[in-house]
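Participant: Right, I'll just put the structure down here and ask away after.
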Amino acid sequence: MSFLKKYSSIILTFVSVVLYFLFAYTIERTEFNKLLFLWISLFTCYFALLRDKELSFAYLTGIAVLFRFVFFFATPNLSQDFYRFIWDGRMILEGLNPYLSLPQTFIEQNNYPVNQAKELYEGMGTLNGSHYTNYPPVNQLCFLIAALFAKNSIFGSVVVMRVLIILADIGILYFGKKLLERLQLPVKNIFLYILNPFVIIELTGNLHFEPVMLFFLVWSIYTLHKQKWFLAAILLACSVSVKLIPLLFLPLFFQWFVKNDFSLLKGFKKLAFFYGTVVLTIILLFLPFYSPELISNYTNSVGLWFKNFEFNASFYYLAREIGYLFRGYNEIAIIGKIIPILTVCFLLILTFFKKNKSTKQLTVSMLFALSFYYFLTTTMHPWYIATLLILSVFTQYRYAVLWSLVVILSYQAYANSPWKENLWLITLEYIILYTYVIWEVCIKKKTHSKLSGKNCYEKEKESGFKTTVQI
């Protein structure tokens with residue numbers, strides 16, 4: 001056995017640590033060429049590590065944690081959102097409701113309600129500071145924890161939030177492994193998410209709180225699989241109360257309760273109980289922040305994602321160009337209203353016409369439902385892909401892994417001052433993605449069925465981890 005083959009995993013781990021260090025401490029998001037080089041290099045190491053069948057679960061877990069700790073003392077370099085997180089947390093610490101005021105208003109009045117208010121406002125930027133916060137209550141709790149431990153230090157708050165995110169990823173690893181075991185899928189599938197450079201950089205590195213949301217979501221699916229409806233509903237509500245996106249999955253539980261029960265009436269009662277528990281828990285979590293202005297401020301802030309913001313979109317950009325061609329101006333006000341309607345229609349199709357009786361079927365429907373929404377959305381920030389990644393772990397589909405690689409092309413927009421998207425690169429991103437989606441969902445599935453008559457899960461079980469990570 002050659003030296004390189006014998007110690008390849010150690011070499012790949014060392015190279016990855018160096019690359020993550022360079023990413024964390026030496027690069028700015030305006031340096032797109034360096035960003036692209038490091039990104040591709042890290043993904044090369046990632047795929048090589050996943051393909052090494054001799055690596056133990058413990059080793060992969062250890063390096064996943066190690067890679068995250070490389071970022072421990074780093075200030076996020078690809079996102080400014082963490083400044084608003086710190087602002088909101090310190091507002092709550094001061095006894096102020098973050099949903100009822102704008103940072104911009106305080107600054108314009110020379111009123112500084114929190115420590116380091118000027119620095120936080122300058123960091124978050126005028127666009128963020130001129131809108132009401134749209135982060136749900138459990139997310140706000142994370143911000144408050146950071147304020148409790150570091151109310152006078154931005155850097156200290158960053159470290160506290162990063163610890164919370166790393167702990168959430170460890171929770172995802174724990175419950176994800178247990179769910180994979182119960183589904184009789186390769187447990188190493190979880191490293192498609194845990195070891196993914198996109199997850200480590202965008203979430204741990206840049207402090208996006210998707211891991212906290214996904215921790216509750218995976219835990220909820222696991223408890224639902226164990227037939228613990230009440231706990232699953234509470235956990236799902238907690239997930240929604242970090243980020244709203246799991247609300248999209250609520251219709252998909254219809255068949256799980258109604259068609260899995262011998263009594264139709266009993267099934268509807270369970271479904272109503274499940275939905276009622278989710279809604280009531282969300283209301284209770286929002287209750288400490290309640291004010292007559294809360295609903296209007298919050299809905300207006302969320303509505304901006306449909307009516308005003310545009311970034312890294314696919315089909316929306318095509319529709320926008322058609323609008324320019326025939327109407328001469330941007331049609332986002334109209335298209336933004338159509339997107340939720342189309343999403344709801346697709347959800348209803350998945351709910352009533354696709355089988356969602358098993359956990360495997362349910363996670364596939366969740367994956368397709370969210371993918372459909374992201375394909376149509378006006379704003380597709382890279383960190384949104386994290387939810388697709390974790391759902392794909394429990395399915396045979398791997399297009400989310402590919403998307404986590406090619407999404408780096410969207411960051412070319414920040415190489416310009418002021419920022420401007422390169423639509424050719426966005427087009428390239430989605431051509432690569434959709435080509436693979438068509439191949440994996442349509443062509444590959446039919447080919448596998450004709451070859452042996454066995455479903456994809458059986459083939460993965462026979463061939464082991466190597467097949468599950470091929471893209």
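Chain lettering (A, B, ...) mirrors the order of the structure tokens, residue numbering begins at 1 for each chain separately, and ligand numbering begins at 1 in order of display.
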Give me the residues within 8 Å of segment 203-210 of chain A as a list in words, counting only C-alpha atoms and dropping any in the same chain fewer than 5 places off.
Facilitator: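 Returned residues: Ala24, Arg68, Phe71, Ala74, Thr75, Pro76, Asn77, Leu78, Ser79, Asp81, Phe82, Asn139, Val158, Met161, Arg162, Ile165, Ile166, Phe198, Val242, Lys243, Trp383, Tyr384, Ala386 and Thr387 of chain A.
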Participant: Keeping N, CA and C atoms for every residue in the selection just given, could you write it to a file as a tab-separated table (two decimals), in the first residue's frame?
Facilitator:
```tsv
chain	number	residue	atom	x	y	z
A	24	ALA	N	-11.74	31.28	6.50
A	24	ALA	CA	-12.28	31.97	7.67
A	24	ALA	C	-11.57	33.28	7.97
A	68	ARG	N	-15.51	22.75	12.01
A	68	ARG	CA	-16.34	23.85	12.52
A	68	ARG	C	-15.57	24.72	13.51
A	71	PHE	N	-13.51	27.84	12.56
A	71	PHE	CA	-14.17	29.13	12.43
A	71	PHE	C	-14.48	29.79	13.79
A	74	ALA	N	-13.52	33.39	14.18
A	74	ALA	CA	-13.61	34.18	12.94
A	74	ALA	C	-14.86	35.05	12.92
A	75	THR	N	-14.74	36.23	12.37
A	75	THR	CA	-15.90	37.09	12.12
A	75	THR	C	-16.49	36.71	10.77
A	76	PRO	N	-17.80	36.51	10.66
A	76	PRO	CA	-18.40	36.12	9.37
A	76	PRO	C	-17.97	37.05	8.24
A	77	ASN	N	-17.57	36.45	7.13
A	77	ASN	CA	-17.05	37.25	6.02
A	77	ASN	C	-17.92	37.19	4.76
A	78	LEU	N	-19.00	36.43	4.78
A	78	LEU	CA	-19.87	36.35	3.61
A	78	LEU	C	-21.27	36.91	3.88
A	79	SER	N	-21.53	37.36	5.11
A	79	SER	CA	-22.86	37.84	5.46
A	79	SER	C	-22.78	38.90	6.55
A	81	ASP	N	-25.72	39.62	8.29
A	81	ASP	CA	-26.95	39.42	9.07
A	81	ASP	C	-26.70	39.31	10.56
A	82	PHE	N	-25.51	38.85	10.96
A	82	PHE	CA	-25.27	38.61	12.39
A	82	PHE	C	-25.32	39.90	13.21
A	139	ASN	N	-35.68	31.81	17.41
A	139	ASN	CA	-34.47	32.44	16.89
A	139	ASN	C	-34.07	33.63	17.75
A	158	VAL	N	-20.66	36.82	18.66
A	158	VAL	CA	-20.41	35.93	17.53
A	158	VAL	C	-20.01	34.55	18.02
A	161	MET	N	-23.10	32.68	19.56
A	161	MET	CA	-24.02	32.20	18.54
A	161	MET	C	-23.42	31.03	17.77
A	162	ARG	N	-22.11	31.08	17.56
A	162	ARG	CA	-21.47	29.98	16.83
A	162	ARG	C	-21.53	28.68	17.65
A	165	ILE	N	-24.93	27.16	17.18
A	165	ILE	CA	-25.08	26.55	15.86
A	165	ILE	C	-24.34	25.22	15.78
A	166	ILE	N	-23.14	25.16	16.35
A	166	ILE	CA	-22.38	23.90	16.36
A	166	ILE	C	-23.12	22.84	17.17
A	198	PHE	N	-20.29	23.69	2.24
A	198	PHE	CA	-21.32	24.74	2.21
A	198	PHE	C	-21.96	24.92	3.58
A	242	VAL	N	-38.06	29.08	14.55
A	242	VAL	CA	-36.70	29.52	14.23
A	242	VAL	C	-36.69	30.13	12.84
A	243	LYS	N	-37.24	29.42	11.88
A	243	LYS	CA	-37.42	29.90	10.51
A	243	LYS	C	-38.79	29.42	10.05
A	383	TRP	N	-27.78	29.94	1.78
A	383	TRP	CA	-28.00	29.14	2.98
A	383	TRP	C	-29.37	28.46	3.03
A	384	TYR	N	-30.28	28.86	2.15
A	384	TYR	CA	-31.58	28.19	2.09
A	384	TYR	C	-31.44	26.71	1.71
A	386	ALA	N	-29.64	24.50	2.79
A	386	ALA	CA	-29.38	23.59	3.91
A	386	ALA	C	-30.55	22.67	4.19
A	387	THR	N	-31.77	23.18	4.09
A	387	THR	CA	-32.95	22.35	4.36
A	387	THR	C	-33.09	21.25	3.31
```
Participant: Name the residues in contact with Tyr112 of chain A at a cut-off of 12 Å, using only C-alpha atoms, excluding same-chain residues fewer than 6 positions from it; report them as a PyMOL selection string.
Facilitator: chain A and resi 87+90-91+94+102-106+118-121
Participant: Output as a ChimeraX atom specification all residues of segment 46-164 of chain A that backbone DSSP marks as alpha helix (DSSP H).
Facilitator: /A:46-51,57-69,81-93,103-108,117-129,137-149,154-164
Participant: Between A:Gln80, A:Asn111, A:Pro98, A:Ser220, which is the closest to Gly125 of chain A once you count only C-alpha atoms?
Facilitator: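 The answer is A:Gln80, which sits nearest to Gly125 of chain A.
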Participant: If you measure from atom CA of Asn152 of chain A to atom CA of Asn115 of chain A, what distance in Å do you get, rounded to one decimal?
Facilitator: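 It comes out at 6.0 Å.
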Participant: Name the residues in contact with segment 168-178 of chain A at a cut-off of 6 Å, using only C-alpha atoms, excluding same-chain residues fewer than 5 positions from it; report them as a list in words.
Facilitator: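 Using only C-alpha atoms, the neighbours found are Val187, Pro211, Val212, Phe215 and Trp219 of chain A.
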Participant: Ranking A:Tyr135, A:Phe268, A:Phe191, A:Tyr99 by minimum distance to Val65 of chain A and counting only C-alpha atoms, which one comes first?
Facilitator: A:Phe191
Participant: Measure the distance from atom CA of Lys270 of chain A to atom CA of Phe257 of chain A in Å and round it to one decimal.
Facilitator: 6.3 Å
Participant: Between atom CA of Glu331 of chain A and atom CA of Leu247 of chain A, what is the distance in Å, rounded to a tenth?
Facilitator: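 Calculated distance between atom CA of Glu331 of chain A and atom CA of Leu247 of chain A is 26.5 Å.
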Participant: Could you give me, as an MDAnalysis selection string, the residues within 10 Å of segment 283-289 of chain A, counting only C-alpha atoms and dropping anything in the same chain fewer than 5 positions from it?
Facilitator: chainID A and resid 92 96:100 136:138 237:238 241 277:278 294
Participant: Would you pick out the contacts of Thr223 of chain A at 12 Å or less, using only C-alpha atoms, so that residues sharing its chain but fewer than 2 positions from it are not included, and give the list as a list in words?
Facilitator: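 Selected residues are Phe175, Gly176, Lys178, Leu179, Arg182, Phe216, Leu217, Val218, Trp219, Ser220, Ile221, His225, Lys226, Gln227, Lys228, Trp229, Phe230, Leu231, Ala232, Ala233, Ile234, Leu235, Leu236 and Thr359 of chain A.
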Participant: Write to file, as a tab-separated table (two decimals), in the first residue's frame, the residues of the selection just made, with N, CA, C and O atoms.
Facilitator:
```tsv
chain	number	residue	atom	x	y	z
A	175	PHE	N	-29.77	12.81	15.96
A	175	PHE	CA	-31.10	12.35	15.59
A	175	PHE	C	-31.15	11.89	14.13
A	175	PHE	O	-31.94	11.00	13.78
A	176	GLY	N	-30.32	12.50	13.27
A	176	GLY	CA	-30.27	12.05	11.89
A	176	GLY	C	-29.77	10.63	11.78
A	176	GLY	O	-30.31	9.81	11.00
A	178	LYS	N	-29.98	8.30	14.13
A	178	LYS	CA	-31.00	7.41	14.69
A	178	LYS	C	-32.14	7.20	13.69
A	178	LYS	O	-32.67	6.09	13.56
A	179	LEU	N	-32.51	8.26	12.97
A	179	LEU	CA	-33.59	8.13	11.98
A	179	LEU	C	-33.14	7.27	10.81
A	179	LEU	O	-33.91	6.43	10.32
A	182	ARG	N	-33.40	3.68	11.76
A	182	ARG	CA	-34.78	3.19	11.78
A	182	ARG	C	-35.33	3.00	10.36
A	182	ARG	O	-36.19	2.16	10.13
A	216	PHE	N	-34.61	20.87	15.18
A	216	PHE	CA	-35.98	20.60	15.62
A	216	PHE	C	-36.76	19.84	14.55
A	216	PHE	O	-37.59	18.98	14.88
A	217	LEU	N	-36.50	20.12	13.26
A	217	LEU	CA	-37.22	19.44	12.19
A	217	LEU	C	-36.86	17.95	12.14
A	217	LEU	O	-37.75	17.09	12.07
A	218	VAL	N	-35.57	17.64	12.19
A	218	VAL	CA	-35.13	16.23	12.15
A	218	VAL	C	-35.62	15.50	13.39
A	218	VAL	O	-36.09	14.35	13.31
A	219	TRP	N	-35.54	16.14	14.53
A	219	TRP	CA	-36.04	15.54	15.77
A	219	TRP	C	-37.54	15.29	15.67
A	219	TRP	O	-38.05	14.25	16.10
A	220	SER	N	-38.26	16.23	15.05
A	220	SER	CA	-39.70	16.07	14.88
A	220	SER	C	-40.03	14.88	13.97
A	220	SER	O	-40.91	14.07	14.28
A	221	ILE	N	-39.32	14.75	12.86
A	221	ILE	CA	-39.55	13.63	11.94
A	221	ILE	C	-39.23	12.31	12.62
A	221	ILE	O	-39.95	11.31	12.47
A	225	HIS	N	-41.87	9.35	13.36
A	225	HIS	CA	-41.63	7.98	12.92
A	225	HIS	C	-41.87	6.99	14.07
A	225	HIS	O	-42.30	5.85	13.84
A	226	LYS	N	-41.61	7.43	15.29
A	226	LYS	CA	-41.83	6.59	16.48
A	226	LYS	C	-43.27	6.68	16.99
A	226	LYS	O	-43.58	6.19	18.08
A	227	GLN	N	-44.15	7.33	16.19
A	227	GLN	CA	-45.57	7.43	16.51
A	227	GLN	C	-45.87	8.35	17.71
A	227	GLN	O	-46.91	8.22	18.35
A	228	LYS	N	-44.97	9.27	18.00
A	228	LYS	CA	-45.19	10.21	19.11
A	228	LYS	C	-45.67	11.53	18.52
A	228	LYS	O	-44.93	12.49	18.34
A	229	TRP	N	-46.98	11.58	18.21
A	229	TRP	CA	-47.55	12.71	17.47
A	229	TRP	C	-47.42	14.04	18.24
A	229	TRP	O	-47.08	15.07	17.65
A	230	PHE	N	-47.71	14.02	19.53
A	230	PHE	CA	-47.75	15.26	20.30
A	230	PHE	C	-46.38	15.92	20.38
A	230	PHE	O	-46.24	17.12	20.11
A	231	LEU	N	-45.36	15.15	20.72
A	231	LEU	CA	-44.01	15.69	20.79
A	231	LEU	C	-43.53	16.15	19.41
A	231	LEU	O	-42.88	17.20	19.28
A	232	ALA	N	-43.88	15.38	18.38
A	232	ALA	CA	-43.49	15.76	17.01
A	232	ALA	C	-44.10	17.11	16.63
A	232	ALA	O	-43.44	17.94	15.98
A	233	ALA	N	-45.34	17.36	17.03
A	233	ALA	CA	-46.01	18.63	16.73
A	233	ALA	C	-45.32	19.80	17.43
A	233	ALA	O	-45.11	20.86	16.85
A	234	ILE	N	-44.97	19.60	18.70
A	234	ILE	CA	-44.29	20.66	19.46
A	234	ILE	C	-42.93	20.97	18.84
A	234	ILE	O	-42.56	22.14	18.67
A	235	LEU	N	-42.19	19.93	18.48
A	235	LEU	CA	-40.88	20.12	17.87
A	235	LEU	C	-40.98	20.81	16.51
A	235	LEU	O	-40.15	21.65	16.17
A	236	LEU	N	-42.00	20.44	15.73
A	236	LEU	CA	-42.21	21.09	14.44
A	236	LEU	C	-42.52	22.57	14.63
A	236	LEU	O	-42.02	23.42	13.88
A	359	THR	N	-42.32	7.36	6.33
A	359	THR	CA	-41.37	8.45	6.58
A	359	THR	C	-40.53	8.72	5.35
A	359	THR	O	-40.24	9.89	5.03
```
Participant: Taking into account only C-alpha atoms, which residue in the set A:Ile334, A:Leu183, A:Val441, A:Leu388 is nearest to Lys360 of chain A?
Facilitator: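 Distance minimum relative to Lys360 of chain A lands on A:Leu183.
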Participant: Restricting the calculation to only C-alpha atoms, which member of A:Pro418, A:Pro340, A:Pro251, A:Gly267 is positioned closest to Phe352 of chain A?
Facilitator: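 Of the candidates, the smallest distance to Phe352 of chain A is held by A:Pro251.
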Participant: Using only C-alpha atoms, pick whichever of A:Ser291, A:Gln412, A:Asn422, A:Gln184 has the shortest atom-to-atom distance to Glu28 of chain A.
Facilitator: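 Looking only at the distances to Glu28 of chain A, the closest residue turns out to be A:Gln412.
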